[in-house]
Amino acid sequence: MTDSGDLDAAWLPSAAFRAVGSRRSLVRAGDGPPAETVYAELADACERFGGRVVRDGGDGDAELVLEPAGDDLGDDLGDEGFALTRRGGTTTVTASGERGLLYGLFHVVRLGEDAFRGERAREVHRPALATRMLDHWDNVAVHPVMGQVERGYAGGSLFWADGRARGDLDRVRAYGRLLAACGINAVAVNNVNVHETEARLLTDRIGEVAAIADVLRPYGIRTHLSVTFAAPMVLGGLPTADPLDGAVRDWWAEATGRVYEAIGDFGGYVVKADSEGQPGPFAYGRSHADGANVLAAALEPYGGTVHWRAFVYDHRQDWRDRTTDRARAAYDHFTPLDGEFAPNAVLQVKHGPMDFQVREPVSPLIGAMPRTRLAVEVQATQEYTGQQRHVCWLGPMWSEVLRFRPDGGVSAGRLADGLVAVSNVGDDPFWTGHPLAQANLYTFGRLAWDPAADPHAVLDEWIALTHPGAPARLADGLHAVLDGSWSTYEKYTAPLGVGFMVQPGHHYGPSVDGYEYSPWGTYHFADRDGVGVDRSAATGTGYAAQYADPWAKVYESPETCPDELLLFFHHVPYGHVLHSGKTVIQHIYDTHFEGVAEVEEARRVWAGLADLVDPARHARVAERYEEQLRSAREWRDQINSYFLRKSGVPDERGRTIH
Ligand code: GCU
């Protein structure tokens, strides 16, 4: 199962290093941590595969050279980019910065033998997004309701155990290495809901964060911390956290100075304010720009950034009140503040307006604040997409978001400075609980590097790296069970973009009306005649009008709204005919039967790979397929029965509906 102890090698099995490890390499680089990593990686690989690596000295016969770019040649590379060339039997990676060399090395690893064939004209690779970050929703102390990792489906925390930072950070080191190999350069080590114990990481417990940062630094990763907006009160004993209060400003400046004494390259803060009960600037009648800017000012002298989350909405709304629409909230709160945020404040916007559902439109806030820095947040942890018991490869969903062009012009992926994922990793031996969920983490990193990349090609890259030399039957089988798994999941869960219908609280499994009469703003409004939320400007909540054209027009009318989002934007009768030619009710029945059939088929394909996959890994996935199938059938039967009973319209194919 593993290359080292109990750690799964994921996409860095030792065989992936055969091509670089069996050659003569030369590393010319400084002595910063990433350069040391490059050298150590090569030295390790050479020990295994019989190659040789030297540092600096002029070894004329090297087949692989990694070196700093000369002054005139590195202009197009940026801090993290690299150039790759191959001439006269030598493959050369040049970079302006050491992190570029690290990414260049992993690129050569991905290419394998191809990196050492023929000639290659100079190719430049540089990340499109400056920040490629994972947010861990990890608690230091086990939370009575949420446990150690909020919405975590892969065991305990990588970083924290027994109420403090782990003493043995080997697993964190291995994690950093995996992240560097897919291009991730930032990690936030604690939950955005900052509880009492975790608040103190900012002050007297910063040493524990520093220990983690030390282990991640050699992989080019900067460490970030989630902080509570009320820190000046809960930690500093001040009577207020008002961002315009001088003492509050001084407190943040001083506390931040101490953070940088401990962690010189600290990345900055992540803040969830005025959201689901977290404190924020509204308590003082201040705006979110005022709130973000006081933290930004404290970070600014050190080059740090505040990631300020836009997930602000009324979580105590009255379900009877049809005028309040949670989907509108982020746009309504933040667009008036465009231009008011400091240059080192980044607004972190969830990709959809609600909350990481299997299908949502792209948030209208993306692209609506041209004078504000933007990070797009996605959820690798599968809170609403099967909780890592179901296979649901999210590459195509994220790619759709990143390719979405809010006003028909520049894509979301190019408008953003950063892409952030809520991490799906814990201390599980397979990292992600479900071994196939590793594909989500890898795909996230690669799409953050290049949002225009074809996710299907990234999937194949992950398959090839994770299973070097895999026979076609294995590669094809893996591709078959992962590609399309998002669509399968969508088919057997909430239909046509309507969302939720999950069990309240833990969010696993179906409960069609679970949130229907709740204060959370997540309703489907099904009755005997129809279903869906009218978010049109003409007759509904007006949400559709938050988009720029062409989308405002497209979403406004059921005639032009894409089928998959129909119930997000419109309340329609069950007999409404979709662009597909089916009625809404028949679509619901058909997709739910199809979704289950697709899970049965994936389970069959997986069973057929038993001879090609390590037994422990195979068994883990096989066991999860049993649960996925059980759960998919539960979803199918609850949703179909619910809508049959509401509508009274029978399935035209006469299948069993309970
Ligand atoms: C969801 C999730 C919470 C999380 C929140 C957030 O609502 O269920 O656990 O805290 O998102 O993104 O802040």
# chains A, B, ... in the order shown; residues from 1 in each chain; ligands from 1

call {"tool": "residues_near_ligand", "arguments": {"ligand": "ligand 1", "cutoff": "7 Å", "atoms": "only C-alpha atoms and all ligand atoms", "output": "JSON list (two decimals) with all heavy atoms, in the first residue's frame"}}
result
[["chain", "number", "residue", "atom", "x", "y", "z"],
["A", 150, "GLU", "N", -14.12, 19.94, 11.22],
["A", 150, "GLU", "CA", -15.49, 20.28, 10.82],
["A", 150, "GLU", "C", -15.68, 19.87, 9.36],
["A", 150, "GLU", "O", -14.87, 20.22, 8.50],
["A", 150, "GLU", "CB", -15.72, 21.79, 11.00],
["A", 150, "GLU", "CG", -17.10, 22.22, 10.57],
["A", 150, "GLU", "CD", -17.56, 23.51, 11.26],
["A", 150, "GLU", "OE1", -17.08, 23.81, 12.36],
["A", 150, "GLU", "OE2", -18.40, 24.20, 10.67],
["A", 151, "ARG", "N", -16.73, 19.12, 9.10],
["A", 151, "ARG", "CA", -17.00, 18.60, 7.76],
["A", 151, "ARG", "C", -15.80, 17.80, 7.24],
["A", 151, "ARG", "O", -15.47, 17.86, 6.05],
["A", 151, "ARG", "CB", -17.34, 19.72, 6.77],
["A", 151, "ARG", "CG", -18.36, 20.73, 7.26],
["A", 151, "ARG", "CD", -19.62, 20.08, 7.74],
["A", 151, "ARG", "NE", -20.62, 21.08, 8.16],
["A", 151, "ARG", "CZ", -21.77, 20.74, 8.71],
["A", 151, "ARG", "NH1", -22.08, 19.47, 8.95],
["A", 151, "ARG", "NH2", -22.63, 21.66, 9.05],
["A", 192, "VAL", "N", -12.33, 27.92, 10.03],
["A", 192, "VAL", "CA", -12.84, 29.30, 9.92],
["A", 192, "VAL", "C", -13.79, 29.65, 11.06],
["A", 192, "VAL", "O", -13.97, 30.83, 11.37],
["A", 192, "VAL", "CB", -13.54, 29.53, 8.57],
["A", 192, "VAL", "CG1", -12.54, 29.56, 7.44],
["A", 192, "VAL", "CG2", -14.64, 28.49, 8.31],
["A", 193, "ASN", "N", -14.43, 28.65, 11.64],
["A", 193, "ASN", "CA", -15.17, 28.89, 12.88],
["A", 193, "ASN", "C", -14.14, 28.78, 14.00],
["A", 193, "ASN", "O", -13.70, 27.68, 14.32],
["A", 193, "ASN", "CB", -16.27, 27.85, 13.08],
["A", 193, "ASN", "CG", -17.34, 27.97, 12.00],
["A", 193, "ASN", "OD1", -17.82, 29.06, 11.71],
["A", 193, "ASN", "ND2", -17.71, 26.86, 11.40],
["A", 272, "LYS", "N", -13.78, 34.59, 8.88],
["A", 272, "LYS", "CA", -15.22, 34.41, 8.69],
["A", 272, "LYS", "C", -15.88, 35.34, 9.69],
["A", 272, "LYS", "O", -15.84, 35.08, 10.90],
["A", 272, "LYS", "CB", -15.57, 32.94, 8.95],
["A", 272, "LYS", "CG", -17.06, 32.63, 8.99],
["A", 272, "LYS", "CD", -17.33, 31.13, 9.14],
["A", 272, "LYS", "CE", -18.81, 30.83, 9.23],
["A", 272, "LYS", "NZ", -19.10, 29.38, 9.28],
["A", 311, "PHE", "N", -19.03, 34.85, 2.80],
["A", 311, "PHE", "CA", -20.15, 33.95, 3.13],
["A", 311, "PHE", "C", -21.00, 34.57, 4.25],
["A", 311, "PHE", "O", -21.06, 34.08, 5.36],
["A", 311, "PHE", "CB", -19.56, 32.61, 3.54],
["A", 311, "PHE", "CG", -20.55, 31.51, 3.79],
["A", 311, "PHE", "CD1", -21.48, 31.16, 2.83],
["A", 311, "PHE", "CD2", -20.51, 30.80, 4.98],
["A", 311, "PHE", "CE1", -22.37, 30.12, 3.06],
["A", 311, "PHE", "CE2", -21.41, 29.76, 5.22],
["A", 311, "PHE", "CZ", -22.34, 29.42, 4.26],
["A", 355, "ASP", "N", -24.19, 27.16, -0.97],
["A", 355, "ASP", "CA", -23.22, 26.49, -0.11],
["A", 355, "ASP", "C", -22.78, 25.15, -0.68],
["A", 355, "ASP", "O", -23.16, 24.11, -0.17],
["A", 355, "ASP", "CB", -23.87, 26.28, 1.28],
["A", 355, "ASP", "CG", -22.83, 26.01, 2.35],
["A", 355, "ASP", "OD1", -21.63, 26.11, 2.05],
["A", 355, "ASP", "OD2", -23.23, 25.70, 3.49]]

call {"tool": "select_by_dssp", "arguments": {"residues": "region 42-145 of chain A", "states": "strand (DSSP E or B)", "output": "JSON, numbers by chain"}}
result
{"A": [52, 53, 54, 55, 64, 65, 66, 67, 68, 82, 83, 84, 85, 86, 87, 90, 91, 92, 93, 94, 95, 120, 121, 122, 123, 124, 125, 131, 132, 133, 134, 135, 138, 139, 140, 141, 142, 143]}

call {"tool": "residues_around", "arguments": {"residues": "Glu598 (chain A)", "least_positions_apart": "5", "cutoff": "12 Å", "atoms": "only C-alpha atoms", "output": "list in words"}}
result
Val391, Ala480, Val481, Leu482, Asp483, Gly484, Ser485, Trp486, Ser487, Thr488, Tyr489, Glu490, Lys491, Tyr492, Thr591, His592, Phe593, Arg603, Arg604, Val605, Tyr625, Gln628, Leu629, Ala632 and Arg633 of chain A

call {"tool": "closest_atom_pairs", "arguments": {"of": "region 277-396 of chain A", "to": "region 400-411 of chain A", "cutoff": "8 Å", "atoms": "only C-alpha atoms", "output": "JSON lines"}}
result
{"residue": "A:His351", "atom": "CA", "partner": "A:Val401", "partner_atom": "CA", "distance": 6.8}
{"residue": "A:Val362", "atom": "CA", "partner": "A:Val401", "partner_atom": "CA", "distance": 6.1}
{"residue": "A:Pro364", "atom": "CA", "partner": "A:Pro406", "partner_atom": "CA", "distance": 7.4}
{"residue": "A:Ile366", "atom": "CA", "partner": "A:Pro406", "partner_atom": "CA", "distance": 7.0}
{"residue": "A:Gly367", "atom": "CA", "partner": "A:Pro406", "partner_atom": "CA", "distance": 5.9}
{"residue": "A:Pro396", "atom": "CA", "partner": "A:Glu400", "partner_atom": "CA", "distance": 6.1}

call {"tool": "write_last_selection", "arguments": {"atoms": "C-alpha atoms", "output": "CSV table (one decimal), in the first residue's frame"}}
result
chain,number,residue,atom,x,y,z
A,351,HIS,CA,-18.1,29.5,-6.1
A,362,VAL,CA,-21.6,30.6,-10.4
A,364,PRO,CA,-22.8,36.6,-9.2
A,366,ILE,CA,-17.5,36.8,-9.1
A,367,GLY,CA,-16.7,39.6,-11.5
A,396,PRO,CA,-15.5,19.2,-14.2

call {"tool": "closest_residue", "arguments": {"among": "A:Ala253, A:Met146, A:Cys561, A:Ala10", "to": "Ala439 (chain A)", "atoms": "only C-alpha atoms"}}
result
A:Ala10

call {"tool": "decode", "arguments": {"residues": "region 448-493 of chain A", "atoms": "N, CA and C atoms", "output": "PDB file, in the first residue's frame"}}
result
ATOM      1  N   ALA A 448      -5.794  25.109 -10.040  1.00  0.00           N
ATOM      2  CA  ALA A 448      -5.386  26.396  -9.471  1.00  0.00           C
ATOM      3  C   ALA A 448      -4.149  26.910 -10.207  1.00  0.00           C
ATOM      4  N   TRP A 449      -3.321  26.011 -10.627  1.00  0.00           N
ATOM      5  CA  TRP A 449      -2.135  26.410 -11.412  1.00  0.00           C
ATOM      6  C   TRP A 449      -2.566  26.884 -12.798  1.00  0.00           C
ATOM      7  N   ASP A 450      -3.486  26.130 -13.383  1.00  0.00           N
ATOM      8  CA  ASP A 450      -3.941  26.477 -14.729  1.00  0.00           C
ATOM      9  C   ASP A 450      -5.456  26.269 -14.837  1.00  0.00           C
ATOM     10  N   PRO A 451      -6.212  27.323 -14.545  1.00  0.00           N
ATOM     11  CA  PRO A 451      -7.678  27.188 -14.541  1.00  0.00           C
ATOM     12  C   PRO A 451      -8.255  26.839 -15.910  1.00  0.00           C
ATOM     13  N   ALA A 452      -7.464  27.002 -16.953  1.00  0.00           N
ATOM     14  CA  ALA A 452      -7.976  26.668 -18.284  1.00  0.00           C
ATOM     15  C   ALA A 452      -7.676  25.218 -18.649  1.00  0.00           C
ATOM     16  N   ALA A 453      -6.989  24.500 -17.761  1.00  0.00           N
ATOM     17  CA  ALA A 453      -6.612  23.116 -18.081  1.00  0.00           C
ATOM     18  C   ALA A 453      -7.858  22.256 -18.279  1.00  0.00           C
ATOM     19  N   ASP A 454      -7.720  21.239 -19.112  1.00  0.00           N
ATOM     20  CA  ASP A 454      -8.816  20.293 -19.317  1.00  0.00           C
ATOM     21  C   ASP A 454      -8.840  19.343 -18.114  1.00  0.00           C
ATOM     22  N   PRO A 455      -9.916  19.358 -17.328  1.00  0.00           N
ATOM     23  CA  PRO A 455      -9.911  18.527 -16.116  1.00  0.00           C
ATOM     24  C   PRO A 455      -9.762  17.036 -16.424  1.00  0.00           C
ATOM     25  N   HIS A 456     -10.249  16.619 -17.576  1.00  0.00           N
ATOM     26  CA  HIS A 456     -10.167  15.188 -17.912  1.00  0.00           C
ATOM     27  C   HIS A 456      -8.714  14.784 -18.151  1.00  0.00           C
ATOM     28  N   ALA A 457      -7.945  15.711 -18.724  1.00  0.00           N
ATOM     29  CA  ALA A 457      -6.514  15.430 -18.903  1.00  0.00           C
ATOM     30  C   ALA A 457      -5.831  15.388 -17.540  1.00  0.00           C
ATOM     31  N   VAL A 458      -6.278  16.252 -16.629  1.00  0.00           N
ATOM     32  CA  VAL A 458      -5.703  16.246 -15.273  1.00  0.00           C
ATOM     33  C   VAL A 458      -6.027  14.914 -14.587  1.00  0.00           C
ATOM     34  N   LEU A 459      -7.237  14.433 -14.801  1.00  0.00           N
ATOM     35  CA  LEU A 459      -7.606  13.146 -14.206  1.00  0.00           C
ATOM     36  C   LEU A 459      -6.675  12.042 -14.716  1.00  0.00           C
ATOM     37  N   ASP A 460      -6.432  12.035 -16.007  1.00  0.00           N
ATOM     38  CA  ASP A 460      -5.546  11.001 -16.557  1.00  0.00           C
ATOM     39  C   ASP A 460      -4.121  11.154 -16.034  1.00  0.00           C
ATOM     40  N   GLU A 461      -3.726  12.404 -15.830  1.00  0.00           N
ATOM     41  CA  GLU A 461      -2.394  12.654 -15.261  1.00  0.00           C
ATOM     42  C   GLU A 461      -2.322  12.067 -13.844  1.00  0.00           C
ATOM     43  N   TRP A 462      -3.375  12.282 -13.071  1.00  0.00           N
ATOM     44  CA  TRP A 462      -3.420  11.737 -11.707  1.00  0.00           C
ATOM     45  C   TRP A 462      -3.378  10.204 -11.739  1.00  0.00           C
ATOM     46  N   ILE A 463      -4.143   9.637 -12.653  1.00  0.00           N
ATOM     47  CA  ILE A 463      -4.172   8.169 -12.751  1.00  0.00           C
ATOM     48  C   ILE A 463      -2.777   7.644 -13.083  1.00  0.00           C
ATOM     49  N   ALA A 464      -2.128   8.277 -14.051  1.00  0.00           N
ATOM     50  CA  ALA A 464      -0.814   7.796 -14.491  1.00  0.00           C
ATOM     51  C   ALA A 464       0.227   7.944 -13.387  1.00  0.00           C
ATOM     52  N   LEU A 465       0.167   9.056 -12.671  1.00  0.00           N
ATOM     53  CA  LEU A 465       1.165   9.278 -11.612  1.00  0.00           C
ATOM     54  C   LEU A 465       0.947   8.334 -10.436  1.00  0.00           C
ATOM     55  N   THR A 466      -0.312   8.168 -10.084  1.00  0.00           N
ATOM     56  CA  THR A 466      -0.634   7.367  -8.902  1.00  0.00           C
ATOM     57  C   THR A 466      -0.364   5.885  -9.152  1.00  0.00           C
ATOM     58  N   HIS A 467      -0.496   5.484 -10.415  1.00  0.00           N
ATOM     59  CA  HIS A 467      -0.303   4.063 -10.754  1.00  0.00           C
ATOM     60  C   HIS A 467       0.683   3.980 -11.903  1.00  0.00           C
ATOM     61  N   PRO A 468       1.970   4.238 -11.638  1.00  0.00           N
ATOM     62  CA  PRO A 468       2.926   4.273 -12.759  1.00  0.00           C
ATOM     63  C   PRO A 468       2.927   2.940 -13.492  1.00  0.00           C
ATOM     64  N   GLY A 469       2.953   3.028 -14.798  1.00  0.00           N
ATOM     65  CA  GLY A 469       2.992   1.820 -15.615  1.00  0.00           C
ATOM     66  C   GLY A 469       1.705   1.017 -15.568  1.00  0.00           C
ATOM     67  N   ALA A 470       0.609   1.646 -15.177  1.00  0.00           N
ATOM     68  CA  ALA A 470      -0.661   0.906 -15.067  1.00  0.00           C
ATOM     69  C   ALA A 470      -1.037   0.313 -16.419  1.00  0.00           C
ATOM     70  N   PRO A 471      -1.495  -0.937 -16.431  1.00  0.00           N
ATOM     71  CA  PRO A 471      -2.008  -1.475 -17.685  1.00  0.00           C
ATOM     72  C   PRO A 471      -3.261  -0.699 -18.104  1.00  0.00           C
ATOM     73  N   ALA A 472      -3.546  -0.736 -19.391  1.00  0.00           N
ATOM     74  CA  ALA A 472      -4.669   0.060 -19.903  1.00  0.00           C
ATOM     75  C   ALA A 472      -5.969  -0.291 -19.168  1.00  0.00           C
ATOM     76  N   ARG A 473      -6.124  -1.547 -18.788  1.00  0.00           N
ATOM     77  CA  ARG A 473      -7.383  -1.938 -18.128  1.00  0.00           C
ATOM     78  C   ARG A 473      -7.572  -1.169 -16.819  1.00  0.00           C
ATOM     79  N   LEU A 474      -6.468  -0.975 -16.093  1.00  0.00           N
ATOM     80  CA  LEU A 474      -6.569  -0.230 -14.833  1.00  0.00           C
ATOM     81  C   LEU A 474      -6.808   1.258 -15.106  1.00  0.00           C
ATOM     82  N   ALA A 475      -6.015   1.818 -16.011  1.00  0.00           N
ATOM     83  CA  ALA A 475      -6.179   3.249 -16.304  1.00  0.00           C
ATOM     84  C   ALA A 475      -7.587   3.530 -16.825  1.00  0.00           C
ATOM     85  N   ASP A 476      -8.054   2.684 -17.712  1.00  0.00           N
ATOM     86  CA  ASP A 476      -9.398   2.904 -18.270  1.00  0.00           C
ATOM     87  C   ASP A 476     -10.472   2.721 -17.197  1.00  0.00           C
ATOM     88  N   GLY A 477     -10.261   1.733 -16.349  1.00  0.00           N
ATOM     89  CA  GLY A 477     -11.233   1.470 -15.285  1.00  0.00           C
ATOM     90  C   GLY A 477     -11.314   2.643 -14.322  1.00  0.00           C
ATOM     91  N   LEU A 478     -10.158   3.156 -13.934  1.00  0.00           N
ATOM     92  CA  LEU A 478     -10.153   4.311 -13.019  1.00  0.00           C
ATOM     93  C   LEU A 478     -10.823   5.508 -13.674  1.00  0.00           C
ATOM     94  N   HIS A 479     -10.478   5.711 -14.929  1.00  0.00           N
ATOM     95  CA  HIS A 479     -11.097   6.836 -15.634  1.00  0.00           C
ATOM     96  C   HIS A 479     -12.623   6.653 -15.673  1.00  0.00           C
ATOM     97  N   ALA A 480     -13.039   5.436 -15.956  1.00  0.00           N
ATOM     98  CA  ALA A 480     -14.489   5.178 -16.084  1.00  0.00           C
ATOM     99  C   ALA A 480     -15.225   5.446 -14.768  1.00  0.00           C
ATOM    100  N   VAL A 481     -14.630   5.059 -13.651  1.00  0.00           N
ATOM    101  CA  VAL A 481     -15.394   5.233 -12.403  1.00  0.00           C
ATOM    102  C   VAL A 481     -15.333   6.669 -11.879  1.00  0.00           C
ATOM    103  N   LEU A 482     -14.316   7.419 -12.287  1.00  0.00           N
ATOM    104  CA  LEU A 482     -14.218   8.796 -11.779  1.00  0.00           C
ATOM    105  C   LEU A 482     -14.885   9.804 -12.706  1.00  0.00           C
ATOM    106  N   ASP A 483     -14.548   9.725 -13.978  1.00  0.00           N
ATOM    107  CA  ASP A 483     -15.113  10.674 -14.927  1.00  0.00           C
ATOM    108  C   ASP A 483     -16.619  10.406 -14.948  1.00  0.00           C
ATOM    109  N   GLY A 484     -17.400  11.414 -14.845  1.00  0.00           N
ATOM    110  CA  GLY A 484     -18.849  11.183 -14.842  1.00  0.00           C
ATOM    111  C   GLY A 484     -19.427  10.950 -13.459  1.00  0.00           C
ATOM    112  N   SER A 485     -18.574  10.804 -12.437  1.00  0.00           N
ATOM    113  CA  SER A 485     -19.118  10.492 -11.111  1.00  0.00           C
ATOM    114  C   SER A 485     -19.848  11.698 -10.507  1.00  0.00           C
ATOM    115  N   TRP A 486     -19.444  12.889 -10.883  1.00  0.00           N
ATOM    116  CA  TRP A 486     -20.174  14.086 -10.422  1.00  0.00           C
ATOM    117  C   TRP A 486     -21.597  14.071 -10.994  1.00  0.00           C
ATOM    118  N   SER A 487     -21.695  13.792 -12.271  1.00  0.00           N
ATOM    119  CA  SER A 487     -23.010  13.753 -12.904  1.00  0.00           C
ATOM    120  C   SER A 487     -23.874  12.632 -12.296  1.00  0.00           C
ATOM    121  N   THR A 488     -23.251  11.506 -12.011  1.00  0.00           N
ATOM    122  CA  THR A 488     -23.989  10.411 -11.379  1.00  0.00           C
ATOM    123  C   THR A 488     -24.552  10.854 -10.030  1.00  0.00           C
ATOM    124  N   TYR A 489     -23.690  11.498  -9.235  1.00  0.00           N
ATOM    125  CA  TYR A 489     -24.129  11.944  -7.915  1.00  0.00           C
ATOM    126  C   TYR A 489     -25.289  12.932  -8.042  1.00  0.00           C
ATOM    127  N   GLU A 490     -25.146  13.826  -9.000  1.00  0.00           N
ATOM    128  CA  GLU A 490     -26.211  14.814  -9.219  1.00  0.00           C
ATOM    129  C   GLU A 490     -27.525  14.124  -9.581  1.00  0.00           C
ATOM    130  N   LYS A 491     -27.420  13.062 -10.375  1.00  0.00           N
ATOM    131  CA  LYS A 491     -28.647  12.388 -10.828  1.00  0.00           C
ATOM    132  C   LYS A 491     -29.455  11.811  -9.670  1.00  0.00           C
ATOM    133  N   TYR A 492     -28.780  11.216  -8.686  1.00  0.00           N
ATOM    134  CA  TYR A 492     -29.588  10.558  -7.648  1.00  0.00           C
ATOM    135  C   TYR A 492     -29.852  11.452  -6.431  1.00  0.00           C
ATOM    136  N   THR A 493     -29.396  12.702  -6.469  1.00  0.00           N
ATOM    137  CA  THR A 493     -29.660  13.594  -5.324  1.00  0.00           C
ATOM    138  C   THR A 493     -30.640  14.707  -5.732  1.00  0.00           C
TER     139      THR A 493
END
